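These notes are about the structure you will find just below.
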Amino acid sequence: AARPTTALSVQNDSDHALVIQTQSIAWSQSDGEEIYEQTVDLIVTPAIFTVPAKGNQVVRVGLRRPVASTSESSYRLALQEIAGPPNADATGVQMLLRIVLPVFVKPASAVAAELKWEALMSPDKTMTVRTQNDGNAHIQIYKFKLLDADSGQMFAMQSTPAYVLPGQGRQWQLKPEAQLPVLNGLLHLVASTDAGEIDAQIALETP
């Protein structure tokens with residue numbers, strides 16, 4: 001809230017100039033699905049720019065609206081390379097780079113993610129692991145593993161990074177690597193996130 005503008009530097013390591021166009025995107029989630037919509041909340045200057053060969057360009061990003069009072073707001077900033085004139089000597093397909101960066105706007109109040117976990121084993125031995133973020137800030141879960149709470153043996157793991165925005169949830173379908181006897185119905189969860197490591201015990205529900 002005290003710094004509604006920021007800047008990033010775009011570096012061009014190639015041997016030719018690149019033309020880049022920016023796009024501001026409002027980012028939300030619903031039932032674990034990502035929702036992207038064009039927005040005017042963010043102002044980006046310059047909106048279109050040329051980065052010289054082996055050069056860089058500073059891009060400034062500002063917030064047009066008041067900062068939310070209690071919860072973090074989420075956006076994406078897309079940087080899209082625009083095709084230049086065709087080279088007469090070139091062959092093959094020209095590949096254009098598109099980079100999409102997360103942008104988080106934090107309120108003046110303290111923010112933190114607060115995750116609640118649960119696990120359900122289906123009759124076909126497929127496990128559904130769910131988490132709900134009841135905090136007021138995002139969290140990015142890099143990977144997690146589930147261990148038998150008593151023996152420490154690996155039960156299942158997941159290694160596809162995913163964001164969970166404030167007030168949202170996400171779930172994963174996992175196939176356990178071993179059919180372990182889960183004593184006391186408890187699993188030991190260890191997760192790596194951008195907010196640090198999570199170490200918790202969760203109950204395994206069975207039909």
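Each chain of the structure tokens is named A, B, ... in the order shown, its residues numbered from 1; ligands are numbered from 1 in display order.
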Counting only C-alpha atoms, which residues of stretch 51-126 of chain A fall within 10 Å of stretch 172-176 of chain A, and what is the closest atom pair for each with its distance in Å at one decimal, ordered by chain and rising number, as JSON lines?
{"residue": "A:Ala119", "atom": "CA", "partner": "A:Trp172", "partner_atom": "CA", "distance": 9.6}
{"residue": "A:Leu120", "atom": "CA", "partner": "A:Gln173", "partner_atom": "CA", "distance": 9.7}
{"residue": "A:Met121", "atom": "CA", "partner": "A:Leu174", "partner_atom": "CA", "distance": 9.5}
{"residue": "A:Asp124", "atom": "CA", "partner": "A:Lys175", "partner_atom": "CA", "distance": 9.6}
{"residue": "A:Lys125", "atom": "CA", "partner": "A:Lys175", "partner_atom": "CA", "distance": 7.1}
{"residue": "A:Thr126", "atom": "CA", "partner": "A:Lys175", "partner_atom": "CA", "distance": 5.1}
Requested in this report: Would you kindly return, as an MDAnalysis selection string, each protein, DNA or RNA residue with an atom no farther than 8 Å from any atom of stretch 49-53 of chain A, considering only C-alpha atoms and excluding same-chain residues fewer than 6 positions away?
Outcome: chainID A and resid 10:21
Export, as a PDB file, in the first residue's frame, the selected residues with N, CA and C atoms.
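The resulting file, selection21.pdb, is shown below:
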ATOM      1  N   VAL A  10      13.785  -5.658 -18.559  1.00  0.00           N
ATOM      2  CA  VAL A  10      13.698  -6.701 -19.582  1.00  0.00           C
ATOM      3  C   VAL A  10      15.017  -6.723 -20.341  1.00  0.00           C
ATOM      4  N   GLN A  11      15.724  -7.839 -20.276  1.00  0.00           N
ATOM      5  CA  GLN A  11      17.046  -7.975 -20.890  1.00  0.00           C
ATOM      6  C   GLN A  11      16.939  -8.784 -22.182  1.00  0.00           C
ATOM      7  N   ASN A  12      17.560  -8.274 -23.246  1.00  0.00           N
ATOM      8  CA  ASN A  12      17.582  -8.963 -24.540  1.00  0.00           C
ATOM      9  C   ASN A  12      18.989  -9.473 -24.798  1.00  0.00           C
ATOM     10  N   ASP A  13      19.187 -10.776 -24.701  1.00  0.00           N
ATOM     11  CA  ASP A  13      20.505 -11.370 -24.907  1.00  0.00           C
ATOM     12  C   ASP A  13      20.752 -11.797 -26.356  1.00  0.00           C
ATOM     13  N   SER A  14      19.780 -11.546 -27.234  1.00  0.00           N
ATOM     14  CA  SER A  14      19.938 -11.973 -28.626  1.00  0.00           C
ATOM     15  C   SER A  14      20.734 -10.942 -29.415  1.00  0.00           C
ATOM     16  N   ASP A  15      21.004 -11.272 -30.677  1.00  0.00           N
ATOM     17  CA  ASP A  15      21.803 -10.400 -31.546  1.00  0.00           C
ATOM     18  C   ASP A  15      20.941  -9.478 -32.389  1.00  0.00           C
ATOM     19  N   HIS A  16      19.623  -9.425 -32.123  1.00  0.00           N
ATOM     20  CA  HIS A  16      18.746  -8.532 -32.876  1.00  0.00           C
ATOM     21  C   HIS A  16      17.729  -7.897 -31.926  1.00  0.00           C
ATOM     22  N   ALA A  17      17.223  -6.747 -32.318  1.00  0.00           N
ATOM     23  CA  ALA A  17      16.259  -6.027 -31.489  1.00  0.00           C
ATOM     24  C   ALA A  17      14.945  -6.799 -31.394  1.00  0.00           C
ATOM     25  N   LEU A  18      14.254  -6.653 -30.265  1.00  0.00           N
ATOM     26  CA  LEU A  18      12.975  -7.307 -30.047  1.00  0.00           C
ATOM     27  C   LEU A  18      11.917  -6.265 -29.733  1.00  0.00           C
ATOM     28  N   VAL A  19      10.729  -6.433 -30.331  1.00  0.00           N
ATOM     29  CA  VAL A  19       9.594  -5.570 -30.021  1.00  0.00           C
ATOM     30  C   VAL A  19       8.676  -6.341 -29.077  1.00  0.00           C
ATOM     31  N   ILE A  20       8.345  -5.724 -27.926  1.00  0.00           N
ATOM     32  CA  ILE A  20       7.569  -6.386 -26.885  1.00  0.00           C
ATOM     33  C   ILE A  20       6.297  -5.593 -26.612  1.00  0.00           C
ATOM     34  N   GLN A  21       5.175  -6.300 -26.493  1.00  0.00           N
ATOM     35  CA  GLN A  21       3.910  -5.681 -26.113  1.00  0.00           C
ATOM     36  C   GLN A  21       3.483  -6.248 -24.762  1.00  0.00           C
TER      37      GLN A  21
END
Query - Selected residue of minimal separation from A:Ala108 among A:Pro4, A:Pro166, A:Asp148, A:Gly135, counting only C-alpha atoms - result: A:Pro4
Report task. Name the residues in contact with A:Val59 at a cut-off of 7 Å, using only C-alpha atoms, excluding same-chain residues fewer than 3 positions from it; report them as a ChimeraX atom specification. Result -> /A:7-9,44-46
Query raised in the report: Residues at most 9 Å from A:Met154, counting only C-alpha atoms, excluding those fewer than 2 positions away in the same chain, as a count of residues only?
Result: 12
Requested in this report: Using DSSP on the backbone coordinates, identify the residues of stretch 49-206 of chain A assigned to strand (DSSP E); present them as a ChimeraX atom specification.
Outcome: /A:49-51,56-63,73-82,98-105,115-121,127-133,139-148,154-158,162-164,169-174,186-193,196-205
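Nearest to A:Leu165 of all the residues A:Thr206, A:Thr5, A:Asn133, A:Ser122 is A:Asn133, counting only C-alpha atoms.
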Query - Contacts of A:Ile139 at 9 Å (only C-alpha atoms; same-chain gap of 6+ positions) as a list in words - result: Ala112, Ala113, Glu114, Leu115, Asn133, Ala162, Tyr163, Val164, Leu165, Pro166, Thr193, Asp194 and Ala195 of chain A
Residue subset to file, keeping N, CA and C atoms, as a compact mmCIF listing (two decimals), in the first residue's frame:
# COMPACT_ATOMS: atom_id res chain seq x y z
N ALA A 112 -0.69 -13.34 5.23
CA ALA A 112 -0.09 -14.67 5.32
C ALA A 112 -1.08 -15.68 4.80
N ALA A 113 -0.57 -16.74 4.20
CA ALA A 113 -1.42 -17.86 3.79
C ALA A 113 -1.71 -18.73 5.01
N GLU A 114 -2.85 -19.39 4.99
CA GLU A 114 -3.24 -20.29 6.08
C GLU A 114 -3.92 -21.50 5.46
N LEU A 115 -3.19 -22.60 5.39
CA LEU A 115 -3.67 -23.77 4.68
C LEU A 115 -4.28 -24.80 5.62
N ASN A 133 -6.98 -22.38 1.32
CA ASN A 133 -6.22 -21.24 1.84
C ASN A 133 -7.18 -20.27 2.51
N ALA A 162 1.98 -25.18 -7.96
CA ALA A 162 0.64 -24.61 -8.10
C ALA A 162 0.48 -23.46 -7.11
N TYR A 163 -0.20 -22.39 -7.56
CA TYR A 163 -0.56 -21.29 -6.67
C TYR A 163 -1.93 -21.57 -6.05
N VAL A 164 -2.10 -21.13 -4.80
CA VAL A 164 -3.41 -21.12 -4.16
C VAL A 164 -3.63 -19.70 -3.65
N LEU A 165 -4.59 -19.00 -4.25
CA LEU A 165 -4.85 -17.60 -3.91
C LEU A 165 -5.69 -17.52 -2.64
N PRO A 166 -5.76 -16.34 -2.00
CA PRO A 166 -6.53 -16.20 -0.76
C PRO A 166 -7.99 -16.61 -0.94
N THR A 193 7.14 -24.71 -0.15
CA THR A 193 6.38 -23.58 -0.69
C THR A 193 7.24 -22.33 -0.73
N ASP A 194 6.72 -21.28 -1.37
CA ASP A 194 7.45 -20.01 -1.39
C ASP A 194 7.40 -19.30 -0.04
N ALA A 195 6.61 -19.83 0.90
CA ALA A 195 6.55 -19.26 2.25
C ALA A 195 7.33 -20.13 3.24
**Report entry** Residues near A:Ile99, cut-off 10 Å, only C-alpha atoms, skip fewer than 5 positions along chain, as a list in words
**Finding:** Thr22, Arg76, Leu77, Ala78, Leu79, Gln80 and Glu81 of chain A
